[in-house]
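Student: Sending over a structure as structure tokens; questions will come in a sec.
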Amino acid sequence: MANYSTNEFRSGLKVMLDGDPCSILDNEFVKPGKGQAFNRVKLRNLKSGRVLEKTFKSGESLEGADVMDMDMQYLYNDGDFWYFMEPESFEQHQATENAVGDALQWLSEQDICVVTLYNGSPLSVVPPNHVELEIAETDPGLRGDTAQGGSKPARLVTGATVKVPLFLDQGDVIKVDTRTGEYQGRVK
Amino acid sequence: MTDWQPDCSLAMLQRRAELLQQLRLFFFQRQILEVDAPVLGRSTVTDINIESISARVSGDSAYLQTSPEYFLKRLLAAGSGDIYCLGKAFRDGEAGGRHNPEFLLLEWYRLGWDEHQLMDEVGALISHLYEARGLPSLMVHRRTYSQCFSQVLGIDPHTAALSDLQALATAAGSPSWAKENRANCLDLLFSLKVEPQLPSGLVFVHDYPDCQAALAQTMVDSQGQRVSRRFEAFLNGMELANGYFELTDSNEQRRRFEVDQARREDANKPIVALDNRLLGALEQGLPTCAGVALGVDRLLMQLQGAASIAEVMPFSWNRC
């Protein structure tokens, strides 16, 4: 991979730091008038998700990371791995539980996800922003007064638990924003 | 396409014009002569941390000046008396929220003054600008580099072992600082750790470490430590101005130029020829004086509460 110098660090650039692939979030140029220039860089470690701040001498460089985001269709899980397919080439990739991470609780078969590949293997999975899922379990529905705005927990068929309005029942299908985990509405 | 438009608002353009007028009036009232030094010269600074932008003039190599300092010193040696220059300066590789490769620099010299008298005048200028805008009156502080540094980091910047400075810089920066020299470690620690802790208002930091003397004279302070007679002004934590009790010894000046050249060679940076015309002026005799250079764009940022330098410039480099 190419090396990137501090003046090429842009938000979204993927680089290697201490053996892990990272995505650059922010790069601030700092220079005392008569002094050494440096760059304060915020990066997200793509393996751990943690945000780090490092200060480099201007002109230092980091190796680019072989990281690429790709839309893929979720196929199935065989108990050990989660399988995703590239829609054009039909090439399949197996992702570990660690890579699937929190996406796990939202995934239904055939969903189109963003899979981040690192050296050709799935590193992380981002589910669709909105998913429609059936309620597997919740307290019995309370019909009538919906103006109160009360809510109750509901467990969805994929495992996630979401706060829903009181009138919903087991078997109802709801729309959820996976970025916030919030209920968006009932799907008729 | 909207990037043909200026960076600053039209209201800011007015504030900028007012500021330039106020600066000129301040110096006019103090009978300091305005001079417009060249921005294009055949020679340039040797400073290891300042890169000049190269140009070609009728086939000869030339440089956009990083400050008018050498031209102003030649005028002083020729007997100009107190002078100031309000003009553009250029530094390669400097772009960011507080930097633009082309910027407006105000530089002035006072004959027979030392750095403390000049700090008083910088304070008077900025306080005057605050008053003229009806802003709350400016708090002005003065403290030594060593006081600021040891208060935050708990060690004396002049006497601390290099390995201790490297360890602190590594913790504050990244592992690559473990091999850096003293001046670079001090710069990193001062910028990252000390500057954010400076009080608001105008803070003059003086008696810089000997290794950061640049073009200032040095002296032995009350602790017996050799320090440089250099100061910096920080306005609400932002570096605004750099001043010296000026070095007038041509031999010492030549020696520092040669040290710079050697450091440039070690760092694989371009070597620039010594400015023999400046050295000639110093040999003839630079009068005892103090001088300071102040970033006008940053001053306007502070006066107007702007978050980035582009907000106060007609066109920042991104739109040039």
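Within each chain, counting starts at residue 1; across the structure tokens, chains are named A, B, ... in the order shown, with ligands numbered 1 upward in that order.
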Which residues come within 7 Å of A:Ala136, counting only C-alpha atoms, excluding same-chain residues fewer than 6 positions away, as a compact mmCIF listing (two decimals) with N, CA, C and O atoms, in the first residue's frame?
Tutor:
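Written file, out-v4.txt:
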```txt
# COMPACT_ATOMS: atom_id res chain seq x y z
N ARG A 155 -39.20 -7.24 22.28
CA ARG A 155 -38.07 -7.98 21.71
C ARG A 155 -38.43 -8.36 20.28
O ARG A 155 -39.53 -8.85 20.02
N LEU A 156 -37.52 -8.09 19.35
CA LEU A 156 -37.77 -8.37 17.94
C LEU A 156 -37.24 -9.74 17.57
O LEU A 156 -36.43 -10.32 18.30
N VAL A 157 -37.70 -10.25 16.42
CA VAL A 157 -37.31 -11.61 16.03
C VAL A 157 -35.80 -11.76 15.85
O VAL A 157 -35.27 -12.85 15.98
N GLN A 170 -47.37 -8.58 19.97
CA GLN A 170 -46.57 -9.62 19.36
C GLN A 170 -47.10 -9.90 17.96
O GLN A 170 -48.31 -9.92 17.76
N GLY A 171 -46.21 -10.05 16.97
CA GLY A 171 -46.63 -10.31 15.60
C GLY A 171 -46.74 -9.06 14.75
O GLY A 171 -46.73 -9.14 13.53
```
Student: Skip B:Ile271 itself and residues of its chain fewer than 2 positions away, then list as a ChimeraX atom specification all residues within 10 Å of it, counting only C-alpha atoms.
Tutor: /B:45-46,48,260-265,268-269,273-274
Student: Can you work out which residues from chain A touch chain B at a cut-off of 10 Å (counting only C-alpha atoms) and hand them back as a list in words?
Tutor: Asn7, Asn27, Glu28, Phe29, Val30, Lys31, Pro32, Gly33, Lys34, Gly35, Gln36, Ala37, Phe38, Asn39, Arg40, Val41, Glu53, Lys54, Thr55, Phe56, Lys57, Ser58, Gly59 and Glu60 of chain A
Student: May I ask which of the residues A:Ala65, A:Leu133, A:Ile24, A:Ile174 is the closest one to A:Thr116, counting only C-alpha atoms?
Tutor: A:Ala65
Student: For A:Cys22, work out the shell of residues within 6 Å, counting only C-alpha atoms and skipping chain neighbours fewer than 2 positions away, then give it as number ranges by chain.
Tutor: A: 14-16, 44-46
Student: Contacts of B:Arg110 at 6 Å or less, counting only C-alpha atoms, minus same-chain residues fewer than 4 places along, as a list in words?
Tutor: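 The filter keeps Asp82, Cys289 and Ala290 of chain B.
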Student: Residues near stretch 153-165 of chain B, anyone? I mean within 7 Å using only C-alpha atoms, not counting same-chain ones fewer than 6 positions away, as a PyMOL selection string.
Tutor: chain B and resi 146+182+185+209
Student: So what do you get for atom CA of B:Thr66 versus atom CA of B:Glu258, distance-wise?
Tutor: 18.9 Å
